[in-house]
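Written below as C-alpha cells is the structure these notes are about.
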Amino acid sequence: MQPRDLSAHSPYVPGRGVEEVARDLGMEPEELTKLSSNENPHGPSPAAVDVLREYAAQVHVYPKASHTDLTDRLATEWDLSPEQVWVSAGADGSLDYLSRAMLDPGDRVLVPDPGFSYYGMTARYHHGTVSSYPLPKADGFSQTADRIMEAYDGERIVYVTTPHNPTGSEMARAELVDLLGRVDDHTLVVCDEAYGEYSERESAATLLDEFDNLAVTRTFSKAYGLAGLRIGYALVPTAWADTYARVNTPFAANELACRAARAALDDDAHLEKTVETARWAREYMYDHLDAPTWESAGNFVLCDVGDASAVADASQRAGVIVRDCSSFGLPACLRVSTGTREGTKRAVEVLNRVAREVAEA
Ligand SMILES: *Cc1c(COP(=O)(O)O)cnc(C)c1O
C-alpha cells in the first residue's frame with residue numbers, strides 16, 4: 001500500500017528547534033540565541049499565559065464559545081462583520097481554508113519568489129498548480145503591481161506578502177490598489193500580513209470595504225508570541241457569507257488558543273514592547289552587521305554574507321541560530337530575527353566574527 005503520487009509535494013523545512021540544536025552541540029538550550037523562526041523574543045503576552053493556566057482544566061470541552069468570542073473580538077477590532085473573520089490553526093490554516101474555498105483541481109496560483117513556501121504547498125494539496133513572480137535581489141526585492149502583472153496569467157489566487165518574508169520589503173498601498181484593479185474578476189488577491197504589526201503602514205484590511213477580490217491573513221504567531229498555540233485568521237470579502245462554515249475543519253482552532261489570543265489582543269503593553277524592540281533591533285543590525293542588509297518592516301533582517309550555509313553553521317556552533325536562506329533561493333543570505341537587545345547584540349557580534357573566519361578560511 002502506498003500513498004498517492006506526492007513527488008510534486010516538497011516538505012516544509014522549518015528552522016531547527018532550540019532543544020534539538022542544543023542536544024547536537026552538547027549545550028543547554030538557555031545558552032543558545034535562537035533567531036531563526038521570527039518568534040517573539042519576549043515570549044507570549046503574560047495575560048495570555050494567565051488565561052492558559054486558568055482554562056487548562058476546561059480542555060475537555062470543544063472550543064465553541066471561545067471561538068465565537070475571538071471571532072467577534074476580531075470583527076470589532078477590524079470593523080468587519082463576524083462572517084468576514086475566519087479563525088484557523090495558524091495563518092497557515094487560513095491559507096488552507098482559502099485554497100479550499102477557491103481552487104478547483106488544476107487551478108493555478110501565483111506566488112512570490114523568493115517567498116513563503118506554504119503558499120505553493122497548500123495549492124498543491126488542493127490539486128492546484130503553482131507559478132511565481134520574481135522579486136529580484138538586484139532590485140532590492142521591491143514589490144510593485146507591474147512586477148506581478150508581468151508574470152500574471154489569470155491565476156485564481158495571487159499572493160502578496162507584506163512585510164515580505166524573508167526580505168522585509170513591503171508593497172505600498174497604492175501598488176496593492178493598482179493590482180486589485182488590474183487582475184481578472186475571478187482572481188483573489190491574498191495579502192499575507194503575518195508581520196503586519198511591525199509595519200508602520202495601514203493594513204490592507206481597510207480595503208475590504210472597497211474591494212471584493214481581496215483577503216488578508218494575520219497571525220498570533222509572530223508579534224503576539226503565540227506560535228506554539230497555532231492560531232491565526234483570514235479577513236475575507238463580505239459577500240462570502242457562510243463559506244467558512246463550508247470549508248473549515250471543525251474545531252481546528254483550539255480552546256486554549258482562542259482564549260489566549262483574545263487575551264493577547266487586549267495586552268497593548270506587550271505588543272508595544274515587542275514592536276519597539278524589533279524596530280530597535282532592525283536599526284542595530286543595519287548599523288552594526290558587517291554585511292549588506294535590506295531595510296525590513298518585519299521582525300527580521302536579511303543580510304548578505306556570501307556563503308550563507310557556512311556562516312549559519314559556524315554561527316550555530318557558536319550558539320546563535322539564524323536562518324540560512326538557501327532554501328528560499330538566496331544562498332548568499334541569512335535571515336536574522338530581531339531578538340532582545342542582549343540577544344541581538346550577541347548575534348551581531350557572533351555573525352561578524354564567524355563571517356570573517358569563513359571568508360578567511
Ligand atoms: C509565519 C508566517 C505565516 C504564518 O504562520 P502561522 O504560524 O501558521 O500563523 C504566514 N505567512 C508568512 C509569510 C509567515 O512568515
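Following the order of the C-alpha cells, chains are lettered A, B, ..., residues in each are numbered from 1, and ligands are numbered from 1.
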
Output as a Markdown table one row per residue of chain A within 7 Å of ligand 1: the closest atom pair and its distance in Å to one decimal place, counting only C-alpha atoms and all ligand atoms, sorted by chain and residue number ascending.
```
| residue | atom | partner | partner_atom_place_in_ligand_line | distance |
| --- | --- | --- | --- | --- |
| A:Ala89 | CA | ligand 1 | 8 (O) | 6.9 |
| A:Gly90 | CA | ligand 1 | 9 (O) | 3.4 |
| A:Ala91 | CA | ligand 1 | 9 (O) | 3.6 |
| A:Asp92 | CA | ligand 1 | 8 (O) | 3.8 |
| A:Gly93 | CA | ligand 1 | 8 (O) | 6.4 |
| A:Phe116 | CA | ligand 1 | 13 (C) | 5.1 |
| A:Thr161 | CA | ligand 1 | 13 (C) | 6.0 |
| A:His164 | CA | ligand 1 | 13 (C) | 6.4 |
| A:Asn165 | CA | ligand 1 | 13 (C) | 5.0 |
| A:Asp192 | CA | ligand 1 | 11 (N) | 5.9 |
| A:Ala194 | CA | ligand 1 | 11 (N) | 5.0 |
| A:Thr219 | CA | ligand 1 | 9 (O) | 4.4 |
| A:Phe220 | CA | ligand 1 | 9 (O) | 6.2 |
| A:Ser221 | CA | ligand 1 | 7 (O) | 4.8 |
| A:Lys222 | CA | ligand 1 | 1 (C) | 6.6 |
| A:Ala227 | CA | ligand 1 | 7 (O) | 5.4 |
| A:Arg230 | CA | ligand 1 | 7 (O) | 5.8 |
| A:Ile231 | CA | ligand 1 | 9 (O) | 6.0 |
| A:Gly232 | CA | ligand 1 | 9 (O) | 5.1 |
```

Worksheet item: Quick one: DSSP strand (DSSP E or B) residues in region 76-313 of chain A, as a PyMOL selection string?
Response: chain A and resi 85-88+108-113+129-134+143+157-161+171+188-192+214-219+232-235+293+300-304

Since we have the selection now, will you write its residues out, keeping N, CA and C atoms, as a tab-separated table (two decimals), in the first residue's frame?
```tsv
chain	number	residue	atom	x	y	z
A	85	VAL	N	-14.51	37.05	9.34
A	85	VAL	CA	-13.34	36.65	10.12
A	85	VAL	C	-13.27	35.14	10.18
A	86	TRP	N	-12.23	34.57	9.59
A	86	TRP	CA	-12.05	33.12	9.56
A	86	TRP	C	-10.91	32.74	10.50
A	87	VAL	N	-11.25	32.31	11.69
A	87	VAL	CA	-10.23	31.88	12.65
A	87	VAL	C	-9.73	30.48	12.26
A	88	SER	N	-8.44	30.26	12.45
A	88	SER	CA	-7.84	28.99	11.99
A	88	SER	C	-6.65	28.60	12.85
A	108	ARG	N	-4.62	27.50	-10.97
A	108	ARG	CA	-3.25	27.95	-10.72
A	108	ARG	C	-3.21	29.09	-9.70
A	109	VAL	N	-2.11	29.14	-8.95
A	109	VAL	CA	-1.88	30.26	-8.04
A	109	VAL	C	-0.54	30.90	-8.41
A	110	LEU	N	-0.40	32.18	-8.08
A	110	LEU	CA	0.83	32.92	-8.39
A	110	LEU	C	1.46	33.37	-7.07
A	111	VAL	N	2.71	33.00	-6.87
A	111	VAL	CA	3.38	33.26	-5.58
A	111	VAL	C	4.68	34.02	-5.79
A	112	PRO	N	5.13	34.77	-4.78
A	112	PRO	CA	6.40	35.48	-4.93
A	112	PRO	C	7.60	34.53	-4.82
A	113	ASP	N	8.66	34.87	-5.57
A	113	ASP	CA	9.92	34.12	-5.49
A	113	ASP	C	11.07	35.11	-5.35
A	129	THR	N	-1.93	24.14	-9.22
A	129	THR	CA	-0.54	24.25	-9.67
A	129	THR	C	-0.04	25.66	-9.38
A	130	VAL	N	1.28	25.80	-9.40
A	130	VAL	CA	1.91	26.99	-8.86
A	130	VAL	C	2.82	27.64	-9.88
A	131	SER	N	2.67	28.94	-10.11
A	131	SER	CA	3.70	29.69	-10.84
A	131	SER	C	4.14	30.85	-9.95
A	132	SER	N	5.24	31.49	-10.35
A	132	SER	CA	5.78	32.50	-9.46
A	132	SER	C	6.09	33.80	-10.20
A	133	TYR	N	6.14	34.89	-9.44
A	133	TYR	CA	6.64	36.16	-9.97
A	133	TYR	C	7.91	36.50	-9.21
A	134	PRO	N	8.91	37.02	-9.92
A	134	PRO	CA	10.20	37.26	-9.27
A	134	PRO	C	10.20	38.56	-8.47
A	143	GLN	N	8.39	45.48	-4.39
A	143	GLN	CA	7.10	44.89	-4.76
A	143	GLN	C	6.22	45.92	-5.45
A	157	ILE	N	-5.54	32.60	-7.59
A	157	ILE	CA	-5.09	33.32	-6.39
A	157	ILE	C	-3.73	33.96	-6.69
A	158	VAL	N	-3.56	35.21	-6.29
A	158	VAL	CA	-2.25	35.87	-6.34
A	158	VAL	C	-1.87	36.21	-4.90
A	159	TYR	N	-0.70	35.73	-4.48
A	159	TYR	CA	-0.22	36.00	-3.12
A	159	TYR	C	0.72	37.20	-3.07
A	160	VAL	N	0.45	38.08	-2.11
A	160	VAL	CA	1.34	39.19	-1.81
A	160	VAL	C	1.69	39.07	-0.33
A	161	THR	N	2.97	39.18	0.01
A	161	THR	CA	3.38	39.13	1.42
A	161	THR	C	3.94	40.49	1.79
A	171	MET	N	4.77	46.15	0.15
A	171	MET	CA	4.06	46.63	-1.03
A	171	MET	C	3.27	47.86	-0.61
A	188	LEU	N	-8.52	36.10	-6.83
A	188	LEU	CA	-8.46	36.62	-5.46
A	188	LEU	C	-7.01	37.02	-5.14
A	189	VAL	N	-6.83	38.22	-4.63
A	189	VAL	CA	-5.51	38.64	-4.14
A	189	VAL	C	-5.48	38.38	-2.64
A	190	VAL	N	-4.54	37.55	-2.21
A	190	VAL	CA	-4.37	37.29	-0.78
A	190	VAL	C	-3.18	38.10	-0.29
A	191	CYS	N	-3.45	39.00	0.65
A	191	CYS	CA	-2.40	39.83	1.22
A	191	CYS	C	-2.04	39.24	2.58
A	192	ASP	N	-0.88	38.64	2.65
A	192	ASP	CA	-0.43	37.97	3.88
A	192	ASP	C	0.30	38.98	4.75
A	214	LEU	N	-10.27	40.63	-2.44
A	214	LEU	CA	-9.13	40.70	-1.52
A	214	LEU	C	-9.41	39.87	-0.27
A	215	ALA	N	-8.40	39.12	0.18
A	215	ALA	CA	-8.43	38.52	1.52
A	215	ALA	C	-7.11	38.86	2.20
A	216	VAL	N	-7.16	39.01	3.51
A	216	VAL	CA	-5.97	39.38	4.29
A	216	VAL	C	-5.75	38.31	5.34
A	217	THR	N	-4.52	37.82	5.48
A	217	THR	CA	-4.25	36.84	6.54
A	217	THR	C	-3.35	37.46	7.60
A	218	ARG	N	-3.62	37.12	8.87
A	218	ARG	CA	-2.83	37.61	10.00
A	218	ARG	C	-2.63	36.45	10.97
A	219	THR	N	-1.70	36.62	11.88
A	219	THR	CA	-1.40	35.51	12.79
A	219	THR	C	-1.08	36.00	14.20
A	232	GLY	N	-4.43	31.80	14.07
A	232	GLY	CA	-4.35	32.90	13.11
A	232	GLY	C	-5.72	33.10	12.51
A	233	TYR	N	-5.82	33.98	11.49
A	233	TYR	CA	-7.12	34.21	10.88
A	233	TYR	C	-6.97	34.85	9.51
A	234	ALA	N	-8.05	34.73	8.74
A	234	ALA	CA	-8.16	35.46	7.48
A	234	ALA	C	-9.33	36.42	7.58
A	235	LEU	N	-9.22	37.55	6.89
A	235	LEU	CA	-10.31	38.51	6.75
A	235	LEU	C	-10.73	38.47	5.29
A	293	THR	N	22.70	44.83	4.28
A	293	THR	CA	21.38	44.44	4.78
A	293	THR	C	20.32	45.11	3.91
A	300	PHE	N	12.71	40.82	11.49
A	300	PHE	CA	13.89	40.10	10.99
A	300	PHE	C	14.59	41.01	9.99
A	301	VAL	N	15.87	40.69	9.76
A	301	VAL	CA	16.65	41.44	8.77
A	301	VAL	C	17.37	40.45	7.88
A	302	LEU	N	17.30	40.65	6.58
A	302	LEU	CA	18.03	39.84	5.62
A	302	LEU	C	19.40	40.48	5.40
A	303	CYS	N	20.45	39.66	5.45
A	303	CYS	CA	21.78	40.20	5.19
A	303	CYS	C	22.54	39.28	4.25
A	304	ASP	N	23.49	39.86	3.52
A	304	ASP	CA	24.26	39.14	2.51
A	304	ASP	C	25.64	38.83	3.07
```

Discussion item. Among region 64-182 of chain A, which ones does DSSP assign to helix (DSSP H, G or I) (computed from the backbone)? Answer as a ChimeraX atom specification.
Written reply: /A:65-78,82-84,90-102,118-125,137-139,145-151,173-182

Worksheet item: Residues at most 10 Å from Trp240 (chain A), counting only C-alpha atoms, excluding those fewer than 5 positions away in the same chain, as a VMD selection string?
Response: chain A and resid 83 to 84 101 212

Just-selected residues, N, CA and C atoms written as a PDB file, in the first residue's frame:
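Final file, selection.pdb:
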```pdb
ATOM      1  N   GLU A  83     -18.816  37.262   9.965  1.00  0.00           N
ATOM      2  CA  GLU A  83     -18.704  36.317   8.837  1.00  0.00           C
ATOM      3  C   GLU A  83     -17.438  36.538   8.037  1.00  0.00           C
ATOM      4  N   GLN A  84     -16.849  37.726   8.175  1.00  0.00           N
ATOM      5  CA  GLN A  84     -15.634  38.022   7.411  1.00  0.00           C
ATOM      6  C   GLN A  84     -14.367  37.596   8.134  1.00  0.00           C
ATOM      7  N   ALA A 101     -11.668  27.084  -0.444  1.00  0.00           N
ATOM      8  CA  ALA A 101     -12.775  27.925  -0.911  1.00  0.00           C
ATOM      9  C   ALA A 101     -12.619  28.305  -2.382  1.00  0.00           C
ATOM     10  N   ASP A 212     -13.861  43.457  -3.486  1.00  0.00           N
ATOM     11  CA  ASP A 212     -14.405  42.149  -3.129  1.00  0.00           C
ATOM     12  C   ASP A 212     -13.507  41.012  -3.630  1.00  0.00           C
TER      13      ASP A 212
END
```

Practice prompt. Can you work out which one of A:Glu175, A:Glu77, A:Asp24, A:Glu255 has the shortest atom-to-atom distance to Ala65 (chain A), counting only C-alpha atoms?
Written response: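 Nearest to Ala65 (chain A): A:Glu255.
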
Worksheet item: Which value, in Å to one decimal, gives the distance between CA of Arg246 (chain A) and CA of Tyr97 (chain A)?
Response: 9.5 Å

Practice prompt. Do a neighbour search on Asp290 (chain A) at 12 Å with only C-alpha atoms, toss out local chain neighbours closer than 4 positions, and write the hits as number ranges by chain.
Written response: A: 284-286, 303-306, 347-356

Discussion item. My list of candidates is A:Gly106, A:Ala223, A:Ala308, A:His126. Which is closest to Ser199 (chain A) when distances are computed with only C-alpha atoms?
Written reply: A:Ala223

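The residue set within 12 Å of Leu207 (chain A), counting only C-alpha atoms and dropping same-chain residues fewer than 6 places from it, reads Trp78, Asp79, Leu80, Arg173, Ala174, Leu176, Val177, Asp178, Leu180, Gly181, Val189, Cys191, Asn213, Leu214, Ala215, Val216, Leu235, Val236, Pro237 and Thr238 of chain A.
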
Worksheet, complete the sentence: Using only C-alpha atoms, the residue out of A:Glu202, A:Glu170, A:Glu54, A:Glu357 with shortest distance to Ser296 (chain A) is A:Glu170

Taking only residues of region 26-67 of chain A that have an atom at most 10 Å from an atom of region 264-275 of chain A, what is each one's shortest atom pair and its distance in Å to one decimal, using only C-alpha atoms, in chain and number order, as a Markdown table?
```
| residue | atom | partner | partner_atom | distance |
| --- | --- | --- | --- | --- |
| A:Asn40 | CA | A:Thr274 | CA | 7.2 |
| A:Pro41 | CA | A:Thr274 | CA | 8.1 |
| A:His42 | CA | A:Thr274 | CA | 6.9 |
| A:Gly43 | CA | A:Thr274 | CA | 9.3 |
| A:Pro44 | CA | A:Ala264 | CA | 8.1 |
| A:Ser45 | CA | A:Ala264 | CA | 5.7 |
| A:Pro46 | CA | A:His270 | CA | 7.9 |
| A:Ala47 | CA | A:Ala264 | CA | 6.3 |
| A:Ala48 | CA | A:Ala264 | CA | 5.4 |
| A:Val49 | CA | A:Ala264 | CA | 9.0 |
| A:Val51 | CA | A:Ala264 | CA | 9.5 |
```

Worksheet item: Please, what distance in Å, to one decimal, runs between CA of Asp184 (chain A) and CA of Ala75 (chain A)?
Response: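 Value for the CA of Asp184 (chain A)-CA of Ala75 (chain A) distance: 28.2 Å.
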
Practice prompt. Using only C-alpha atoms, find the one residue out of A:Cys258, A:Ala22, A:Cys325, A:Ala359 that sits nearest to Ser37 (chain A).
Written response: A:Cys325

Discussion item. Rounded to one decimal, what separation in Å do you get between CA of Asn299 (chain A) and CA of Glu193 (chain A)?
Written reply: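 Between CA of Asn299 (chain A) and CA of Glu193 (chain A) the gap works out to 12.3 Å.
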